[in-house]
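Below is one structure, written out as structure tokens; the observations come after it.
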Amino acid sequence: MVIPTKTLALNEVNVYFFHSESCNFCNQEKAYLEALKERYFNLRVYSYDVSSEINNDLMKQAKELYGVKEAGIPFTIIGDSTFLGFSESKKCDMEEKIYEYSYNSYQNLFGTKLLMIGYRTDLVGDVEKSTDKKDYVIEESRPITTADATNSNQTTAKSSKFQITLNLGMVILILGIIVLVLIAKERKRNI
């Protein structure tokens, strides 16, 4: 069930999302944040892939700023609240904070101190807070085993070999067409 709430002034809510493309929980949170953007038009998500050294350093600075000592991703800052990891309970807590910061001011420490990003406080519109905690289901993941990694590598290798073979076939086909065109031109000149 969704309860609409009308307001005259609404805050923009900044979300700073540190992730990696190879992280299953990161990908699930990314999809969840996209779903939340449909409900909260005032949500601004800034994504940082930590496989980049610059973004990884930025995440370390953010964790230091908020006193987060634990390592790991996904790491998310919503307003001035931090979340490490992604789970069903954190999903609910994240939406609570988004809703709270939509109506209440926050310091935005990370945005203002490290990125020089502020937030608007003059937005007009409605936001909907979900009362159904099952509106977005988190997939359970399992640890990757050596067998999974081997199968994945074999599949990737087969796919790469196929792609190389396909590309080589295309080159041979194009060269064949060029040769046929040159032969046709040569015959035309001889006639």
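Residues are referred to by chain and number: the chain letter is A, B, ... according to the order shown in the structure tokens, the number counts from 1 in that chain, and ligands are numbered separately from 1 in the order shown.
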
Requested in this report: Fewer than 5 positions away in the same chain doesn't count, so skip those; otherwise give me all residues within 6 Å of range 14-18 of chain A, counting only C-alpha atoms, as a PyMOL selection string.
Outcome: chain A and resi 44-49+74-79

Query raised in the report: Between A:His19, A:Tyr40, A:Arg187, A:Ala31, which is the closest to Ser52 in chain A once you count only C-alpha atoms?
Result: A:His19

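Computed from the coordinates, the CA of Asp80 in chain A to CA of Leu36 in chain A distance equals 17.9 Å.
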
Query - Which of range 20-108 of chain A fall in strand (DSSP E), as a PyMOL selection string - result: chain A and resi 43-49+75-78+81-84

Got time to write the residues from that selection, N, CA, C and O atoms, as a tab-separated table (two decimals), in the first residue's frame?
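Okay, part.tsv is ready:
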chain	number	residue	atom	x	y	z
A	43	LEU	N	15.02	12.51	-5.37
A	43	LEU	CA	16.22	11.71	-5.07
A	43	LEU	C	17.30	11.94	-6.13
A	43	LEU	O	17.02	11.86	-7.33
A	44	ARG	N	18.51	12.24	-5.71
A	44	ARG	CA	19.64	12.41	-6.62
A	44	ARG	C	20.70	11.38	-6.22
A	44	ARG	O	21.24	11.44	-5.12
A	45	VAL	N	20.97	10.45	-7.14
A	45	VAL	CA	21.92	9.38	-6.85
A	45	VAL	C	23.22	9.68	-7.60
A	45	VAL	O	23.22	9.83	-8.82
A	46	TYR	N	24.30	9.75	-6.85
A	46	TYR	CA	25.64	9.92	-7.41
A	46	TYR	C	26.37	8.59	-7.24
A	46	TYR	O	26.57	8.14	-6.11
A	47	SER	N	26.74	7.95	-8.35
A	47	SER	CA	27.36	6.62	-8.31
A	47	SER	C	28.86	6.72	-8.53
A	47	SER	O	29.32	7.46	-9.39
A	48	TYR	N	29.59	5.92	-7.76
A	48	TYR	CA	31.04	5.89	-7.85
A	48	TYR	C	31.52	4.44	-7.89
A	48	TYR	O	31.37	3.71	-6.91
A	49	ASP	N	32.06	4.02	-9.03
A	49	ASP	CA	32.59	2.66	-9.18
A	49	ASP	C	33.98	2.63	-8.56
A	49	ASP	O	34.90	3.30	-9.04
A	75	PHE	N	28.76	0.73	-0.26
A	75	PHE	CA	28.78	1.72	0.80
A	75	PHE	C	27.95	2.90	0.30
A	75	PHE	O	28.21	3.42	-0.79
A	76	THR	N	26.97	3.28	1.08
A	76	THR	CA	26.02	4.30	0.64
A	76	THR	C	25.83	5.35	1.71
A	76	THR	O	25.73	5.04	2.89
A	77	ILE	N	25.79	6.59	1.27
A	77	ILE	CA	25.49	7.72	2.16
A	77	ILE	C	24.18	8.32	1.67
A	77	ILE	O	24.06	8.70	0.51
A	78	ILE	N	23.19	8.35	2.56
A	78	ILE	CA	21.92	8.99	2.26
A	78	ILE	C	21.78	10.14	3.24
A	78	ILE	O	21.68	9.91	4.45
A	81	SER	N	23.36	9.74	6.71
A	81	SER	CA	23.31	8.38	7.24
A	81	SER	C	24.10	7.46	6.33
A	81	SER	O	24.02	7.59	5.11
A	82	THR	N	24.85	6.53	6.92
A	82	THR	CA	25.66	5.62	6.12
A	82	THR	C	25.12	4.20	6.21
A	82	THR	O	24.57	3.79	7.24
A	83	PHE	N	25.34	3.45	5.13
A	83	PHE	CA	24.92	2.06	5.04
A	83	PHE	C	26.04	1.26	4.40
A	83	PHE	O	26.50	1.61	3.31
A	84	LEU	N	26.47	0.21	5.07
A	84	LEU	CA	27.51	-0.67	4.54
A	84	LEU	C	26.86	-2.02	4.26
A	84	LEU	O	26.30	-2.64	5.16

Query - Distance in Å - CA of Ser22 in chain A versus CA of Lys91 in chain A - result: 20.1 Å

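One distance worth recording is that between CA of Leu33 in chain A and CA of Ala71 in chain A, which is 21.5 Å.
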
Report task. Please report, as a ChimeraX atom specification, each residue of range 23-140 of chain A to which DSSP assigns alpha helix (DSSP H) when run on this structure's backbone. Result -> /A:24-39,53-66,88-103,109-110

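Distance check against Lys30 in chain A using only C-alpha atoms: of A:Val68, A:Ala184, A:Ile73, A:Leu166, the minimum falls on A:Ile73.
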
Query - Distance query range 95-105 of chain A at most 7 Å, only C-alpha atoms, self and fewer than 5 positions along chain excluded, as an MDAnalysis selection string - result: chainID A and resid 10:13 78:79 129

Query raised in the report: Could you pull the residues within 10 Å of Gln61 in chain A, counting only C-alpha atoms, minus those fewer than 6 positions along the same chain, as an MDAnalysis selection string?
Result: chainID A and resid 55 67:68 110 114

Output all heavy atoms of each residue in that selection to a file, as a short mmCIF file (atom, residue, chain, number, x, y, z; two decimals), in the first residue's frame.
data_model
loop_
_atom_site.label_atom_id
_atom_site.label_comp_id
_atom_site.auth_asym_id
_atom_site.auth_seq_id
_atom_site.Cartn_x
_atom_site.Cartn_y
_atom_site.Cartn_z
N ASN A 55 37.85 6.96 -7.27
CA ASN A 55 36.60 6.72 -6.55
C ASN A 55 36.82 5.90 -5.28
O ASN A 55 36.14 6.11 -4.27
CB ASN A 55 35.58 6.02 -7.46
CG ASN A 55 35.07 6.93 -8.55
OD1 ASN A 55 35.17 8.15 -8.46
ND2 ASN A 55 34.55 6.35 -9.61
N GLY A 67 33.37 8.16 10.22
CA GLY A 67 33.86 7.24 11.25
C GLY A 67 33.54 5.78 10.98
O GLY A 67 33.45 4.99 11.92
N VAL A 68 33.40 5.41 9.73
CA VAL A 68 33.13 4.01 9.37
C VAL A 68 34.47 3.30 9.23
O VAL A 68 35.28 3.66 8.39
CB VAL A 68 32.33 3.91 8.04
CG1 VAL A 68 32.14 2.46 7.63
CG2 VAL A 68 30.99 4.63 8.19
N PHE A 110 29.34 14.92 3.44
CA PHE A 110 30.15 14.40 2.35
C PHE A 110 30.04 15.30 1.12
O PHE A 110 31.04 15.68 0.52
CB PHE A 110 29.74 12.96 2.01
CG PHE A 110 30.49 12.38 0.86
CD1 PHE A 110 31.82 12.04 0.99
CD2 PHE A 110 29.87 12.19 -0.37
CE1 PHE A 110 32.54 11.51 -0.08
CE2 PHE A 110 30.57 11.65 -1.44
CZ PHE A 110 31.90 11.32 -1.29
N LEU A 114 33.55 17.41 0.72
CA LEU A 114 34.46 16.76 -0.22
C LEU A 114 34.12 17.02 -1.69
O LEU A 114 35.01 17.02 -2.53
CB LEU A 114 34.51 15.25 0.03
CG LEU A 114 35.05 14.84 1.40
CD1 LEU A 114 35.01 13.33 1.56
CD2 LEU A 114 36.47 15.34 1.60
#
